[in-house]
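Chemist: Got coords.cif for you, mmCIF, C-alpha atoms; chains and numbers go by the auth columns:
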```cif
data_start
#
loop_
_atom_site.group_PDB
_atom_site.id
_atom_site.type_symbol
_atom_site.label_atom_id
_atom_site.label_comp_id
_atom_site.label_asym_id
_atom_site.label_seq_id
_atom_site.Cartn_x
_atom_site.Cartn_y
_atom_site.Cartn_z
_atom_site.B_iso_or_equiv
_atom_site.auth_seq_id
_atom_site.auth_asym_id
ATOM 1 C CA MET A 1 40.961 -29.721 -32.047 0.00 1 P
ATOM 2 C CA LEU A 2 41.818 -26.935 -34.432 0.00 2 P
ATOM 3 C CA ILE A 3 42.770 -24.581 -31.600 0.00 3 P
ATOM 4 C CA LEU A 4 45.007 -27.157 -29.919 0.00 4 P
ATOM 5 C CA SER A 5 47.021 -27.746 -33.091 0.00 5 P
ATOM 6 C CA TYR A 6 47.575 -24.049 -33.824 0.00 6 P
ATOM 7 C CA THR A 7 51.167 -22.761 -33.473 0.00 7 P
ATOM 8 C CA PRO A 8 52.073 -19.102 -34.072 0.00 8 P
ATOM 9 C CA THR A 9 54.427 -18.539 -36.998 0.00 9 P
ATOM 10 C CA TRP A 10 57.197 -17.087 -34.825 0.00 10 P
ATOM 11 C CA LEU A 11 57.352 -20.337 -32.830 0.00 11 P
ATOM 12 C CA ARG A 12 57.515 -22.653 -35.831 0.00 12 P
ATOM 13 C CA ARG A 13 60.722 -24.057 -37.201 0.00 13 P
ATOM 14 C CA SER A 14 61.758 -22.858 -40.627 0.00 14 P
ATOM 15 C CA PRO A 15 60.594 -25.154 -43.444 0.00 15 P
ATOM 16 C CA HIS A 16 63.862 -24.362 -45.245 0.00 16 P
ATOM 17 C CA GLY A 17 66.044 -25.951 -42.566 0.00 17 P
ATOM 18 C CA GLY A 18 69.373 -24.829 -41.235 0.00 18 P
ATOM 19 C CA PRO A 19 70.190 -22.549 -38.319 0.00 19 P
ATOM 20 C CA PRO A 20 68.906 -18.958 -38.293 0.00 20 P
ATOM 21 C CA PRO A 21 71.477 -16.221 -38.977 0.00 21 P
ATOM 22 C CA GLY A 22 73.238 -14.814 -35.943 0.00 22 P
ATOM 23 C CA ASP A 23 72.759 -11.150 -36.717 0.00 23 P
ATOM 24 C CA GLY A 24 69.490 -11.342 -38.643 0.00 24 P
ATOM 25 C CA LEU A 25 68.591 -8.664 -41.161 0.00 25 P
ATOM 26 C CA THR A 26 68.740 -5.657 -38.845 0.00 26 P
ATOM 27 C CA GLN A 27 72.414 -5.665 -37.822 0.00 27 P
ATOM 28 C CA ALA A 28 73.544 -3.609 -40.831 0.00 28 P
ATOM 29 C CA ILE A 29 70.781 -1.062 -40.148 0.00 29 P
ATOM 30 C CA LEU A 30 71.726 -0.792 -36.473 0.00 30 P
ATOM 31 C CA GLU A 31 75.367 -0.138 -37.358 0.00 31 P
ATOM 32 C CA GLY A 32 74.383 2.760 -39.659 0.00 32 P
ATOM 33 C CA ASP A 33 74.041 6.421 -38.708 0.00 33 P
ATOM 34 C CA ASP A 34 70.254 6.610 -39.075 0.00 34 P
ATOM 35 C CA GLU A 35 68.870 7.387 -35.607 0.00 35 P
ATOM 36 C CA GLU A 36 65.257 7.154 -36.810 0.00 36 P
ATOM 37 C CA ALA A 37 65.781 3.583 -38.055 0.00 37 P
ATOM 38 C CA ARG A 38 67.234 2.583 -34.680 0.00 38 P
ATOM 39 C CA ILE A 39 64.221 4.090 -32.909 0.00 39 P
ATOM 40 C CA LEU A 40 61.841 2.181 -35.199 0.00 40 P
ATOM 41 C CA LEU A 41 63.679 -1.066 -34.389 0.00 41 P
ATOM 42 C CA GLY A 42 63.440 -0.363 -30.659 0.00 42 P
ATOM 43 C CA LYS A 43 67.170 0.185 -30.079 0.00 43 P
ATOM 44 C CA GLY A 44 67.300 3.945 -29.615 0.00 44 P
ATOM 45 C CA GLY A 45 65.339 6.954 -28.512 0.00 45 P
ATOM 46 C CA TYR A 46 63.409 7.179 -25.297 0.00 46 P
ATOM 47 C CA THR A 47 62.749 4.056 -23.301 0.00 47 P
#
```
Transcribe the structure of this file into structure tokens.

Modeler:
Amino acid sequence: MLILSYTPTWLRRSPHGGPPPGDGLTQAILEGDDEEARILLGKGGYT
């Protein structure tokens, strides 16, 4: 029963309520000039 009631945290609704932000926390980093940060977030470099 414990396994059947388990839900990963990324699939749970927020306990704080309200809609999630549209751009999240990474939009400001992606708009910056730091190429290494974009690579770490999976938006730049070699794919």

Chemist: Find, counting only C-alpha atoms, the residue in P:Tyr6, P:Lys43, P:Leu11, P:His16 that gets nearest to P:Ile29.

Modeler: P:Lys43

Chemist: Please list as a list in words every residue within 12 Å of P:Leu40, counting all atoms listed in the file and excluding residues in the same chain fewer than 4 positions away.

Modeler: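 In the requested form, the answer reads Thr26, Ile29, Leu30, Asp34, Glu35, Glu36, Gly44, Gly45 and Tyr46 of chain P.
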
Chemist: As an exercise, work out the distance from atom CA of P:Thr9 to atom CA of P:Ala37 in Å and give it to one decimal place.

Modeler: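 Interatomic distance here is 24.9 Å.
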
Chemist: Give me, please, the distance in Å between atom CA of P:Gly22 and atom CA of P:Ile39, quoted to one decimal.

Modeler: 21.2 Å
